[in-house]
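Novice: So here's coords.csv (CSV, C-alpha atoms).
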chain,number,residue,atom,x,y,z
A,22,ALA,CA,-20.0,-84.5,-80.7
A,23,GLU,CA,-19.4,-85.4,-77.0
A,24,PRO,CA,-16.9,-88.3,-76.7
A,25,PRO,CA,-17.4,-91.5,-74.7
A,26,LEU,CA,-15.9,-91.9,-71.3
A,27,VAL,CA,-12.2,-92.9,-71.4
A,28,SER,CA,-10.8,-94.8,-68.4
A,29,PHE,CA,-7.7,-93.5,-66.9
A,30,ALA,CA,-6.8,-97.0,-65.7
A,31,ALA,CA,-3.1,-97.6,-66.2
A,32,ARG,CA,-2.3,-99.3,-69.5
A,33,ASN,CA,1.5,-98.7,-69.4
A,34,HIS,CA,4.4,-100.5,-67.8
A,35,PRO,CA,4.7,-99.8,-64.1
A,36,TRP,CA,8.1,-98.1,-64.5
A,37,GLU,CA,6.8,-95.7,-67.1
A,38,LYS,CA,4.6,-92.7,-66.6
A,39,ALA,CA,1.8,-92.2,-69.0
A,40,MET,CA,0.5,-88.7,-69.6
A,41,LYS,CA,-3.2,-88.2,-68.8
A,42,ILE,CA,-4.4,-85.2,-70.9
A,43,VAL,CA,-7.8,-83.5,-70.6
A,44,PHE,CA,-9.0,-81.3,-73.5
A,45,VAL,CA,-11.5,-78.7,-72.4
A,46,TYR,CA,-13.5,-77.9,-75.6
A,47,ALA,CA,-15.2,-74.5,-76.2
A,48,ASP,CA,-17.4,-75.1,-79.3
A,49,SER,CA,-21.2,-75.8,-78.9
A,50,LYS,CA,-22.7,-78.6,-80.9
A,51,GLU,CA,-24.1,-76.1,-83.3
A,52,GLU,CA,-20.7,-74.5,-84.2
A,53,TRP,CA,-18.5,-77.6,-83.8
A,54,ASN,CA,-15.4,-76.9,-85.8
A,55,SER,CA,-12.3,-75.5,-84.0
A,56,SER,CA,-12.9,-78.0,-81.1
A,57,GLU,CA,-12.9,-80.8,-83.7
A,58,TRP,CA,-9.4,-79.9,-84.9
A,59,ARG,CA,-7.8,-78.7,-81.7
A,60,CYS,CA,-9.4,-81.1,-79.2
A,61,ALA,CA,-11.3,-84.1,-80.7
A,62,VAL,CA,-8.7,-85.0,-83.4
A,63,PRO,CA,-5.7,-85.3,-81.0
A,64,TYR,CA,-8.0,-86.8,-78.3
A,65,ARG,CA,-8.9,-89.7,-80.6
A,66,ALA,CA,-5.4,-90.1,-81.8
A,67,ILE,CA,-3.9,-90.3,-78.3
A,68,ASN,CA,-6.3,-93.0,-77.3
A,69,ARG,CA,-5.8,-94.9,-80.6
A,70,ASN,CA,-2.1,-94.8,-79.9
A,71,GLY,CA,-2.6,-96.3,-76.5
A,72,ARG,CA,0.6,-95.1,-74.9
A,73,HIS,CA,-1.0,-92.1,-73.2
A,74,GLN,CA,-4.6,-91.3,-72.3
A,75,ALA,CA,-6.9,-88.5,-73.1
A,76,PHE,CA,-10.4,-87.2,-72.3
A,77,MET,CA,-12.6,-84.3,-73.3
A,78,ILE,CA,-14.9,-82.2,-71.2
A,79,GLY,CA,-17.0,-79.1,-72.0
A,80,ILE,CA,-15.7,-75.7,-70.9
A,81,GLU,CA,-18.9,-74.9,-68.9
A,82,ASP,CA,-18.4,-78.1,-66.9
A,83,PHE,CA,-14.8,-77.2,-66.4
A,84,ALA,CA,-15.5,-73.6,-65.3
A,85,HIS,CA,-18.3,-74.5,-62.9
A,86,HIS,CA,-16.7,-77.6,-61.4
A,87,ASP,CA,-19.1,-80.3,-62.5
A,88,PRO,CA,-18.3,-83.3,-60.3
A,89,GLN,CA,-17.5,-85.6,-63.1
A,90,ALA,CA,-15.3,-82.9,-64.8
A,91,ASP,CA,-13.5,-82.3,-61.6
A,92,GLU,CA,-12.9,-86.0,-61.1
A,93,ILE,CA,-11.4,-86.2,-64.6
A,94,CYS,CA,-9.2,-83.1,-64.0
A,95,GLN,CA,-8.0,-84.5,-60.7
A,96,ALA,CA,-6.7,-87.6,-62.4
A,97,ALA,CA,-5.0,-85.6,-65.2
A,98,ASP,CA,-1.4,-84.4,-65.6
A,99,ILE,CA,-2.1,-81.8,-68.3
A,100,ILE,CA,-5.3,-79.7,-68.9
A,101,VAL,CA,-5.6,-78.0,-72.3
A,102,VAL,CA,-8.2,-75.2,-72.2
A,103,GLU,CA,-9.6,-74.1,-75.5
A,104,ARG,CA,-10.0,-70.4,-76.4
A,105,ASN,CA,-12.5,-69.0,-73.8
A,106,LEU,CA,-10.1,-67.6,-71.2
A,107,PHE,CA,-12.6,-65.4,-69.4
A,108,GLY,CA,-15.0,-65.4,-66.5
A,109,PRO,CA,-15.0,-68.4,-64.2
A,110,VAL,CA,-12.7,-70.3,-66.6
A,111,LEU,CA,-9.8,-68.1,-65.2
A,112,SER,CA,-10.7,-69.1,-61.6
A,113,ALA,CA,-10.8,-72.8,-62.7
A,114,ILE,CA,-7.3,-72.5,-64.3
A,115,GLN,CA,-5.9,-71.1,-61.0
A,116,TYR,CA,-7.7,-73.8,-59.0
A,117,TRP,CA,-6.0,-76.6,-61.0
A,118,LYS,CA,-2.6,-74.9,-61.1
A,119,ALA,CA,-2.7,-74.8,-57.3
A,120,ARG,CA,-3.2,-78.6,-57.4
A,121,ASP,CA,0.0,-79.2,-59.5
A,122,LYS,CA,-1.7,-79.6,-62.9
A,123,VAL,CA,0.0,-78.3,-66.0
A,124,VAL,CA,-2.5,-76.0,-67.6
A,125,LEU,CA,-2.2,-75.0,-71.3
A,126,ALA,CA,-4.3,-72.7,-73.4
A,127,ASP,CA,-5.1,-73.5,-77.0
A,128,PHE,CA,-6.5,-71.0,-79.6
A,129,ASP,CA,-6.5,-70.7,-83.4
A,130,ASP,CA,-7.8,-67.2,-84.2
A,131,ALA,CA,-6.2,-63.7,-84.0
A,132,TYR,CA,-8.9,-62.2,-81.7
A,133,HIS,CA,-6.7,-59.0,-81.3
A,134,LEU,CA,-6.8,-58.4,-85.1
A,135,MET,CA,-10.5,-59.0,-85.7
A,136,HIS,CA,-12.1,-56.9,-88.5
A,137,PRO,CA,-15.4,-55.2,-87.6
A,138,SER,CA,-17.0,-57.3,-90.3
A,139,ASN,CA,-16.2,-60.4,-88.3
A,140,HIS,CA,-19.3,-61.9,-86.7
A,141,ASN,CA,-17.5,-62.3,-83.4
A,142,TYR,CA,-16.0,-58.8,-83.3
A,143,SER,CA,-18.8,-57.3,-81.1
A,144,TYR,CA,-18.2,-60.0,-78.5
A,145,TRP,CA,-14.4,-60.2,-78.3
A,146,ILE,CA,-13.6,-56.6,-78.8
A,147,GLN,CA,-16.7,-54.7,-77.6
A,148,GLY,CA,-17.9,-57.2,-75.0
A,149,VAL,CA,-21.5,-57.5,-76.2
A,150,ARG,CA,-23.0,-61.0,-75.9
A,151,HIS,CA,-24.7,-62.4,-78.9
A,152,ASP,CA,-27.5,-64.2,-77.1
A,153,ASN,CA,-28.9,-61.4,-74.9
A,154,GLY,CA,-27.0,-58.2,-75.8
A,155,GLN,CA,-25.6,-57.8,-72.3
A,156,LYS,CA,-22.2,-56.2,-71.7
A,157,VAL,CA,-19.2,-58.2,-70.6
A,158,GLU,CA,-16.8,-56.3,-68.5
A,159,PRO,CA,-13.9,-56.2,-69.0
A,160,PRO,CA,-14.2,-57.3,-72.7
A,161,PRO,CA,-13.3,-60.9,-73.4
A,162,LEU,CA,-10.0,-59.9,-75.2
A,163,THR,CA,-8.8,-58.2,-72.0
A,164,GLN,CA,-9.6,-61.3,-70.0
A,165,PHE,CA,-8.1,-63.5,-72.6
A,166,LYS,CA,-4.8,-61.7,-72.1
A,167,TRP,CA,-5.1,-62.3,-68.3
A,168,GLY,CA,-5.7,-66.0,-69.0
A,169,LEU,CA,-2.5,-66.2,-71.2
A,170,ARG,CA,-0.5,-64.9,-68.2
A,171,LEU,CA,-2.1,-67.5,-66.0
A,172,VAL,CA,-1.4,-70.6,-68.0
A,173,HIS,CA,1.9,-72.4,-68.2
A,174,ALA,CA,2.0,-72.2,-72.0
A,175,ALA,CA,-0.3,-71.9,-75.0
A,176,THR,CA,-0.5,-73.9,-78.2
A,177,THR,CA,-1.7,-72.6,-81.6
A,178,PRO,CA,-1.7,-73.8,-85.3
A,179,SER,CA,-0.2,-70.6,-86.6
A,180,ARG,CA,3.5,-69.6,-86.3
A,181,ARG,CA,2.6,-66.0,-86.7
A,182,LEU,CA,-0.1,-66.2,-84.0
A,183,ALA,CA,2.5,-67.8,-81.7
A,184,ASP,CA,4.9,-64.8,-82.4
A,185,ASP,CA,2.1,-62.3,-81.6
A,186,TRP,CA,1.6,-63.6,-78.0
A,187,ARG,CA,5.1,-64.5,-76.8
A,188,ALA,CA,5.1,-61.6,-74.4
A,189,TYR,CA,2.2,-63.2,-72.5
A,190,THR,CA,3.2,-66.8,-72.1
A,191,GLU,CA,5.4,-69.5,-73.7
A,192,MET,CA,3.9,-70.1,-77.2
A,193,ILE,CA,4.1,-73.5,-78.9
A,194,TYR,CA,3.3,-74.2,-82.5
A,195,ILE,CA,1.2,-77.3,-83.0
A,196,PRO,CA,-0.3,-77.6,-86.5
A,197,ASN,CA,-3.7,-78.8,-87.3
A,198,TYR,CA,-3.1,-82.4,-88.3
A,199,ILE,CA,-5.9,-84.2,-90.1
A,200,ASP,CA,-7.9,-87.3,-89.1
A,201,LEU,CA,-7.9,-89.3,-92.3
A,202,ASN,CA,-10.8,-91.5,-91.0
A,203,LEU,CA,-13.2,-88.7,-91.6
A,204,TYR,CA,-12.3,-88.2,-95.3
A,205,GLN,CA,-11.3,-91.5,-96.8
A,206,ASN,CA,-14.8,-93.0,-97.0
A,207,ALA,CA,-16.6,-90.0,-98.3
A,208,SER,CA,-19.2,-90.9,-101.0
A,209,VAL,CA,-18.5,-89.0,-104.2
A,210,GLN,CA,-21.5,-87.5,-106.0
A,211,GLU,CA,-21.3,-87.4,-109.7
A,212,HIS,CA,-22.2,-84.1,-111.4
A,213,GLU,CA,-21.8,-82.2,-114.7
A,214,GLY,CA,-19.6,-79.2,-115.3
A,215,ILE,CA,-16.9,-77.9,-113.0
A,216,ILE,CA,-17.7,-77.0,-109.4
A,217,ILE,CA,-15.4,-74.5,-107.6
A,218,GLY,CA,-16.0,-74.8,-103.9
A,219,TRP,CA,-15.3,-73.2,-100.5
A,220,GLY,CA,-16.6,-73.9,-97.0
A,221,GLY,CA,-16.1,-72.1,-93.7
A,222,SER,CA,-17.5,-70.1,-90.8
A,223,VAL,CA,-18.9,-66.6,-90.7
A,224,SER,CA,-15.5,-65.1,-90.0
A,225,HIS,CA,-14.4,-65.1,-93.7
A,226,TYR,CA,-16.4,-62.2,-95.1
A,227,GLN,CA,-13.3,-60.0,-95.4
A,228,SER,CA,-11.4,-62.9,-97.0
A,229,PHE,CA,-13.8,-62.8,-100.0
A,230,VAL,CA,-14.5,-59.1,-100.2
A,231,ASP,CA,-10.9,-57.8,-99.9
A,232,SER,CA,-9.1,-60.5,-101.9
A,233,GLY,CA,-10.4,-59.7,-105.4
A,234,LEU,CA,-12.0,-63.2,-105.6
A,235,ILE,CA,-15.6,-62.1,-106.0
A,236,PRO,CA,-15.2,-60.2,-109.3
A,237,ALA,CA,-12.9,-62.9,-110.5
A,238,LEU,CA,-15.6,-65.6,-109.9
A,239,GLN,CA,-18.3,-63.4,-111.5
A,240,ARG,CA,-16.2,-62.9,-114.7
A,241,LEU,CA,-15.2,-66.6,-114.7
A,242,CYS,CA,-18.8,-67.7,-114.6
A,243,ARG,CA,-19.7,-65.4,-117.5
A,244,ALA,CA,-16.8,-66.7,-119.5
A,245,ARG,CA,-17.4,-70.4,-118.7
A,246,PRO,CA,-21.2,-71.2,-118.3
A,247,HIS,CA,-20.4,-74.8,-117.2
A,248,VAL,CA,-18.7,-73.5,-114.1
A,249,ARG,CA,-20.7,-73.4,-110.8
A,250,ILE,CA,-19.7,-72.0,-107.4
A,251,MET,CA,-20.5,-74.0,-104.3
A,252,PHE,CA,-20.4,-71.8,-101.2
A,253,CYS,CA,-20.7,-73.8,-98.0
A,254,GLY,CA,-21.5,-71.9,-94.8
A,255,ASN,CA,-23.9,-69.6,-93.1
A,256,ASP,CA,-22.5,-66.2,-94.1
A,257,VAL,CA,-25.3,-65.1,-96.5
A,258,ARG,CA,-23.4,-61.8,-96.9
A,259,VAL,CA,-20.9,-63.5,-99.2
A,260,VAL,CA,-23.7,-65.2,-101.2
A,261,LYS,CA,-25.3,-61.8,-101.8
A,262,GLN,CA,-22.0,-60.2,-102.8
A,263,LEU,CA,-21.3,-63.0,-105.3
A,264,ASN,CA,-24.6,-62.1,-107.0
A,265,LEU,CA,-24.3,-65.0,-109.5
A,266,PRO,CA,-27.0,-66.5,-111.7
A,267,LYS,CA,-29.1,-69.1,-109.8
A,268,ASP,CA,-27.9,-71.9,-112.0
A,269,GLN,CA,-24.3,-71.1,-111.3
A,270,LEU,CA,-24.5,-70.8,-107.5
A,271,ILE,CA,-25.0,-73.6,-105.0
A,272,HIS,CA,-25.4,-72.5,-101.4
A,273,VAL,CA,-24.9,-75.3,-98.8
A,274,PRO,CA,-25.6,-74.2,-95.2
A,275,TRP,CA,-23.4,-75.4,-92.3
A,276,VAL,CA,-23.3,-79.2,-92.0
A,277,PRO,CA,-22.1,-81.3,-89.0
A,278,HIS,CA,-18.4,-82.2,-89.2
A,279,ASN,CA,-19.0,-85.8,-89.9
A,280,GLN,CA,-20.9,-84.9,-93.1
A,281,TRP,CA,-18.4,-82.4,-94.4
A,282,ALA,CA,-16.2,-84.7,-96.4
A,283,THR,CA,-19.2,-85.8,-98.5
A,284,VAL,CA,-19.9,-82.1,-99.3
A,285,LEU,CA,-16.2,-81.5,-100.0
A,286,SER,CA,-16.1,-84.5,-102.4
A,287,GLN,CA,-18.3,-82.5,-104.8
A,288,PHE,CA,-15.6,-79.8,-105.3
A,289,ASP,CA,-13.6,-80.1,-108.6
A,290,ILE,CA,-11.5,-77.1,-107.6
A,291,GLY,CA,-11.0,-75.7,-104.1
A,292,ILE,CA,-10.4,-72.0,-103.3
A,293,ALA,CA,-8.9,-70.5,-100.1
A,294,PRO,CA,-8.9,-66.7,-100.1
A,295,LEU,CA,-7.2,-64.7,-97.4
A,296,ALA,CA,-7.2,-61.0,-96.8
A,297,GLY,CA,-5.9,-58.8,-94.0
A,298,GLU,CA,-3.7,-59.5,-91.0
A,299,TYR,CA,-6.4,-61.6,-89.2
A,300,ASP,CA,-6.3,-64.1,-92.1
A,301,GLN,CA,-2.5,-64.3,-92.1
A,302,ARG,CA,-2.8,-66.1,-88.7
A,303,ARG,CA,-5.1,-68.9,-90.0
A,304,SER,CA,-4.0,-72.5,-90.2
A,305,TRP,CA,-3.5,-74.7,-93.3
A,306,ILE,CA,-6.8,-76.6,-92.9
A,307,LYS,CA,-8.6,-75.7,-96.1
A,308,VAL,CA,-5.7,-76.5,-98.4
A,309,LEU,CA,-4.8,-79.6,-96.5
A,310,GLU,CA,-8.4,-80.9,-96.8
A,311,TYR,CA,-8.2,-80.3,-100.6
A,312,MET,CA,-5.0,-82.2,-100.8
A,313,ILE,CA,-6.4,-85.2,-98.9
A,314,MET,CA,-9.4,-85.2,-101.2
A,315,LYS,CA,-7.2,-84.9,-104.3
A,316,ILE,CA,-8.8,-81.6,-105.2
A,317,PRO,CA,-6.8,-79.0,-107.3
A,318,TRP,CA,-6.7,-75.7,-105.4
A,319,VAL,CA,-6.0,-72.0,-105.7
A,320,ALA,CA,-5.3,-69.9,-102.6
A,321,SER,CA,-4.1,-66.4,-101.6
A,322,GLU,CA,-0.4,-65.8,-101.0
A,323,GLY,CA,0.5,-65.8,-97.3
A,324,PRO,CA,1.9,-67.7,-94.4
A,325,PRO,CA,-1.0,-70.1,-93.8
A,326,TYR,CA,-0.5,-72.0,-97.1
A,327,GLU,CA,3.2,-71.3,-97.9
A,328,GLU,CA,4.3,-74.8,-96.9
A,329,PHE,CA,2.1,-76.3,-99.6
A,330,ARG,CA,3.2,-73.8,-102.4
A,331,SER,CA,4.5,-76.6,-104.6
A,332,TYR,CA,1.2,-78.6,-104.6
A,333,GLY,CA,-1.3,-76.0,-105.9
A,334,TRP,CA,-1.6,-72.3,-106.9
A,335,LEU,CA,-0.8,-69.3,-104.6
A,336,VAL,CA,-2.0,-66.1,-106.1
A,337,GLN,CA,-1.8,-62.4,-105.3
A,338,ASN,CA,-5.0,-60.8,-104.2
A,339,THR,CA,-6.1,-59.1,-107.4
A,340,ALA,CA,-9.2,-60.0,-109.5
A,341,GLN,CA,-7.0,-60.4,-112.5
A,342,ALA,CA,-4.6,-62.9,-110.8
A,343,TRP,CA,-7.5,-65.0,-109.4
A,344,GLN,CA,-9.3,-65.0,-112.7
A,345,ARG,CA,-6.3,-65.9,-114.8
A,346,VAL,CA,-5.3,-68.9,-112.6
A,347,LEU,CA,-8.8,-70.2,-112.1
A,348,LEU,CA,-9.5,-70.0,-115.8
A,349,ASP,CA,-6.4,-72.1,-116.5
A,350,VAL,CA,-7.3,-74.7,-113.9
A,351,VAL,CA,-10.9,-74.9,-115.3
A,352,ASP,CA,-9.6,-75.2,-118.9
A,353,HIS,CA,-7.0,-77.9,-118.0
A,354,TRP,CA,-8.8,-79.5,-115.2
A,355,GLU,CA,-7.9,-83.1,-116.1
A,356,ALA,CA,-4.2,-82.4,-115.9
A,357,TYR,CA,-4.5,-80.5,-112.6
A,358,LYS,CA,-6.6,-83.3,-111.2
A,359,LYS,CA,-3.9,-85.8,-112.1
A,360,GLU,CA,-1.3,-83.6,-110.3
A,361,ALA,CA,-3.6,-83.4,-107.2
A,362,SER,CA,-3.8,-87.2,-107.1
A,363,GLY,CA,0.0,-87.6,-107.0
A,364,GLU,CA,2.6,-86.0,-104.8
A,365,ALA,CA,0.2,-83.4,-103.4
A,366,TYR,CA,-2.0,-86.3,-102.0
A,367,LEU,CA,1.0,-88.0,-100.5
A,368,VAL,CA,2.1,-84.8,-98.7
A,369,GLY,CA,-1.4,-84.5,-97.4
A,370,LEU,CA,-1.2,-88.0,-96.0
A,371,SER,CA,2.0,-87.1,-94.2
A,372,LYS,CA,0.1,-84.5,-92.2
A,373,SER,CA,-2.3,-87.1,-90.6
A,374,ILE,CA,-2.8,-86.9,-86.9
A,375,ASP,CA,-1.8,-90.6,-86.4
A,376,GLU,CA,1.5,-90.0,-88.1
A,377,ASN,CA,2.2,-86.9,-86.0
A,378,ILE,CA,0.6,-87.3,-82.6
A,379,HIS,CA,4.0,-88.2,-81.1
A,380,LEU,CA,5.2,-84.7,-82.0
A,381,THR,CA,2.3,-83.1,-80.1
A,382,LEU,CA,2.9,-85.4,-77.1
A,383,LYS,CA,6.5,-84.5,-77.1
A,384,ARG,CA,5.7,-80.8,-76.7
A,385,TYR,CA,3.3,-81.6,-73.9
A,386,ALA,CA,6.0,-83.7,-72.2
A,387,GLU,CA,8.5,-80.9,-72.5
A,388,ILE,CA,6.2,-78.4,-70.8
A,389,TYR,CA,5.3,-80.9,-68.1
A,390,GLU,CA,9.0,-81.5,-67.3
A,391,LYS,CA,9.7,-77.8,-67.3
A,392,VAL,CA,6.9,-77.0,-64.9
A,393,LEU,CA,7.0,-80.0,-62.5
A,394,GLY,CA,10.6,-81.2,-63.0
A,395,GLN,CA,9.4,-84.7,-63.9
A,396,PRO,CA,10.3,-86.4,-67.2
A,397,ILE,CA,7.7,-88.4,-69.2
A,398,ALA,CA,8.7,-90.8,-71.9
A,399,VAL,CA,6.8,-90.2,-75.1
Represent the supplied structure as structure tokens.
Specialist:
Amino acid sequence: AEPPLVSFAARNHPWEKAMKIVFVYADSKEEWNSSEWRCAVPYRAINRNGRHQAFMIGIEDFAHHDPQADEICQAADIIVVERNLFGPVLSAIQYWKARDKVVLADFDDAYHLMHPSNHNYSYWIQGVRHDNGQKVEPPPLTQFKWGLRLVHAATTPSRRLADDWRAYTEMIYIPNYIDLNLYQNASVQEHEGIIIGWGGSVSHYQSFVDSGLIPALQRLCRARPHVRIMFCGNDVRVVKQLNLPKDQLIHVPWVPHNQWATVLSQFDIGIAPLAGEYDQRRSWIKVLEYMIMKIPWVASEGPPYEEFRSYGWLVQNTAQAWQRVLLDVVDHWEAYKKEASGEAYLVGLSKSIDENIHLTLKRYAEIYEKVLGQPIAV
């Protein structure tokens, strides 16, 4: 997942200032997901665009002043630090602020609203490390709040999440735009019947259990034996809760991001359950991926998918509502597939990173000018 070195040599006209942006990514190779959307996707688009320049470094290298990471940060105008605003990362933020760097935070989850069923609750809220059980004092959420007060601004792909944290720093809404290159060449695998699919991290247990979706899927599978459920991810708790016949459940463990589109291409219908306040701060990723892949979709009502209401189904969180709509999509799949291949697909294309990177750069330039008083032409 680690990107190649990108030169900061000037590629612009001498009378124009190009922005040099460093993304400090937090995901490990084994969990690579948020860093793909929030760091790698804009990083690649900025460098494809050619007007400005971007680089990526790991958060450990940033925090501990790895010589190459320091050299990159020294050449930068803007440093975007992903998520882990605690420990030595806070000192590194102060270090670069003192050297006239504009430092932004970026995060995409509502850590302050985590449900105890969330795999990361024990770490963020209770301060217990997953790897060795040691206590982190103060808990990461407390340090995260300190970090937000340190940075010049923070970016997030959820408007509601931005509203939650405005008391701590200036909050900027930057959606998760999609890199079409990762989806358009996916090899489609032929199969019989109808596959209803979902994929995600271990933070979605509540999404399934409290949305009414599980009993709806169980009833649907009994009523339509040709339907199979494809659950993609490592949360076996959901697989056990589904309790479906073996021939109607396909469990696909986590796959690297560059293989995800091939898995996604097997979905005939996509689902996107949400439940609780934590989920209301998620981004539009799941539904946007379905639209790009021309997959008819059904999702929970709520802010994350409201913008795409006209291009799929938004349902109330009851088993009856889920079952009724999914049954209709299964029974009239050809018609829904045709719809998903029309305007919904075009709207998905309009959310590509290359079509929208200028909007992200514009927000960066505005913060840069506000902090340092120097305009940058986007």
Novice: Nearest to Asn255 (chain A): which of A:Trp275, A:Phe288, A:Trp53, A:Tyr326 is it, counting all atoms listed in the file?
Specialist: A:Trp275
Novice: Please list, as a VMD selection string, the residues that have an atom at most 12 Å away from (-0.2, -78.0, -64.1) in the coordinates of this file, counting only C-alpha atoms.
Specialist: chain A and resid 41 to 43 94 to 102 113 to 126 171 to 174 385 to 386 388 to 395
Novice: Neighbours of region 339-349 of chain A within 7 Å (only C-alpha atoms; same-chain residues fewer than 5 positions away dropped), as a PyMOL selection string?
Specialist: chain A and resi 232-234+236-238+241
Novice: Could you make a table, as JSON lines, of the residues of region 288-350 of chain A that have an atom within 8 Å of an atom of region 202-220 of chain A, each with its nearest atom pair and distance in Å to one decimal, counting all atoms listed in the file, in chain and number order?
Specialist:
{"residue": "A:Phe288", "atom": "CA", "partner": "A:Gly218", "partner_atom": "CA", "distance": 5.2}
{"residue": "A:Asp289", "atom": "CA", "partner": "A:Ile216", "partner_atom": "CA", "distance": 5.2}
{"residue": "A:Ile290", "atom": "CA", "partner": "A:Ile217", "partner_atom": "CA", "distance": 4.7}
{"residue": "A:Gly291", "atom": "CA", "partner": "A:Gly218", "partner_atom": "CA", "distance": 5.1}
{"residue": "A:Ile292", "atom": "CA", "partner": "A:Trp219", "partner_atom": "CA", "distance": 5.8}
{"residue": "A:Ala293", "atom": "CA", "partner": "A:Trp219", "partner_atom": "CA", "distance": 7.0}
{"residue": "A:Ile313", "atom": "CA", "partner": "A:Tyr204", "partner_atom": "CA", "distance": 7.5}
{"residue": "A:Met314", "atom": "CA", "partner": "A:Tyr204", "partner_atom": "CA", "distance": 7.2}
Novice: Mind checking which residues fall within 10 Å of Phe229 (chain A), counting only C-alpha atoms, ignoring those fewer than 2 positions away in the same chain, and posting them as a PyMOL selection string?
Specialist: chain A and resi 225-227+231-236+259+262-263+293-296+338
Novice: Give me a file of those residues, with C-alpha atoms, as a CSV table (one decimal), keeping the file's coordinate frame.
Specialist:
chain,number,residue,atom,x,y,z
A,225,HIS,CA,-14.4,-65.1,-93.7
A,226,TYR,CA,-16.4,-62.2,-95.1
A,227,GLN,CA,-13.3,-60.0,-95.4
A,231,ASP,CA,-10.9,-57.8,-99.9
A,232,SER,CA,-9.1,-60.5,-101.9
A,233,GLY,CA,-10.4,-59.7,-105.4
A,234,LEU,CA,-12.0,-63.2,-105.6
A,235,ILE,CA,-15.6,-62.1,-106.0
A,236,PRO,CA,-15.2,-60.2,-109.3
A,259,VAL,CA,-20.9,-63.5,-99.2
A,262,GLN,CA,-22.0,-60.2,-102.8
A,263,LEU,CA,-21.3,-63.0,-105.3
A,293,ALA,CA,-8.9,-70.5,-100.1
A,294,PRO,CA,-8.9,-66.7,-100.1
A,295,LEU,CA,-7.2,-64.7,-97.4
A,296,ALA,CA,-7.2,-61.0,-96.8
A,338,ASN,CA,-5.0,-60.8,-104.2
Novice: Have a look at CA of Tyr311 (chain A) and CA of Asp256 (chain A) and let me know their distance in Å, one decimal.
Specialist: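 Taking CA of Tyr311 (chain A) as the start and CA of Asp256 (chain A) as the end point, the length is 21.1 Å.
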Novice: Would you mind reading off the distance between CA of Pro274 (chain A) and CA of Tyr299 (chain A), one decimal, in Å?
Specialist: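 Rounded to one decimal, the two atoms are 23.7 Å apart.
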Novice: From the options A:Ser331, A:Asn377, A:Ser228, A:Gln164, which residue's atoms come nearest to Asp200 (chain A), counting all atoms listed in the file?
Specialist: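 When distances to Asp200 (chain A) are compared using all atoms listed in the file, the smallest one comes from A:Asn377.
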Novice: Nearest to Arg303 (chain A): which of A:Leu134, A:Val257, A:Cys242, A:Val351 is it, counting all atoms listed in the file?
Specialist: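 Of the candidates, the smallest distance to Arg303 (chain A) is held by A:Leu134.
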Novice: Rounded to one decimal place, report the CA of Pro63 (chain A)-CA of Met40 (chain A) distance in Å.
Specialist: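 If I compute the distance from CA of Pro63 (chain A) to CA of Met40 (chain A), I get 13.4 Å.
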Novice: With all atoms listed in the file as the basis for distance, which of A:Ser55, A:Asp375, A:Pro396, A:Val284 is at the shortest distance from Asn70 (chain A)?
Specialist: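 Selected residue with least distance to Asn70 (chain A): A:Asp375.
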Novice: Of the candidates A:Val45, A:Ala398, A:Leu162, A:Val62, which one gets nearest to Ile80 (chain A) if we count all atoms listed in the file?
Specialist: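 Result for the nearest residue to Ile80 (chain A): A:Val45.
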Novice: If we draw a sphere of 12 Å around (2.1, -95.0, -75.9), which residues have at least one atom in it when counting all atoms listed in the file? Please report them as number ranges by chain.
Specialist: A: 31-34, 37-41, 66-75, 378-379, 382-383, 397-399
Novice: Pick from A:Asp300, A:Lys358, A:Leu367, A:Asp352: nearest to Phe329 (chain A), with all atoms listed in the file counted?
Specialist: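 Looking only at the distances to Phe329 (chain A), the closest residue turns out to be A:Leu367.
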Novice: Excluding Lys166 (chain A) and any residue of its chain fewer than 5 positions from it, enumerate the residues within 9 Å of it, using only C-alpha atoms, and give them as a CSV table (one decimal) with C-alpha atoms, in the coordinates of the input.
Specialist:
chain,number,residue,atom,x,y,z
A,106,LEU,CA,-10.1,-67.6,-71.2
A,161,PRO,CA,-13.3,-60.9,-73.4
A,171,LEU,CA,-2.1,-67.5,-66.0
A,186,TRP,CA,1.6,-63.6,-78.0
A,189,TYR,CA,2.2,-63.2,-72.5
Novice: Counting only C-alpha atoms, which residues of region 267-379 of chain A sit at most 9 Å from some atom of region 177-184 of chain A, and what is each one's closest atom pair with its distance in Å to one decimal, listed by chain and rising residue number, as JSON lines?
Specialist:
{"residue": "A:Gln301", "atom": "CA", "partner": "A:Arg181", "partner_atom": "CA", "distance": 7.6}
{"residue": "A:Arg302", "atom": "CA", "partner": "A:Leu182", "partner_atom": "CA", "distance": 5.4}
{"residue": "A:Arg303", "atom": "CA", "partner": "A:Ser179", "partner_atom": "CA", "distance": 6.2}
{"residue": "A:Ser304", "atom": "CA", "partner": "A:Pro178", "partner_atom": "CA", "distance": 5.6}
{"residue": "A:Trp305", "atom": "CA", "partner": "A:Pro178", "partner_atom": "CA", "distance": 8.2}
{"residue": "A:Pro324", "atom": "CA", "partner": "A:Arg181", "partner_atom": "CA", "distance": 7.9}
{"residue": "A:Pro325", "atom": "CA", "partner": "A:Ser179", "partner_atom": "CA", "distance": 7.3}
Novice: Excluding region 135-144 of chain A and any residue of its chain fewer than 4 positions from it, enumerate the residues within 7 Å of it, using all atoms listed in the file, and give them as a VMD selection string.
Specialist: chain A and resid 131 148 to 151 223 to 224 226 to 227 299
Novice: Excluding Gly369 (chain A) and residues on its chain fewer than 6 positions from it, collect all residues at most 8 Å away from it, counting all atoms listed in the file, and give them as a ChimeraX atom specification.
Specialist: /A:309-310,312-313
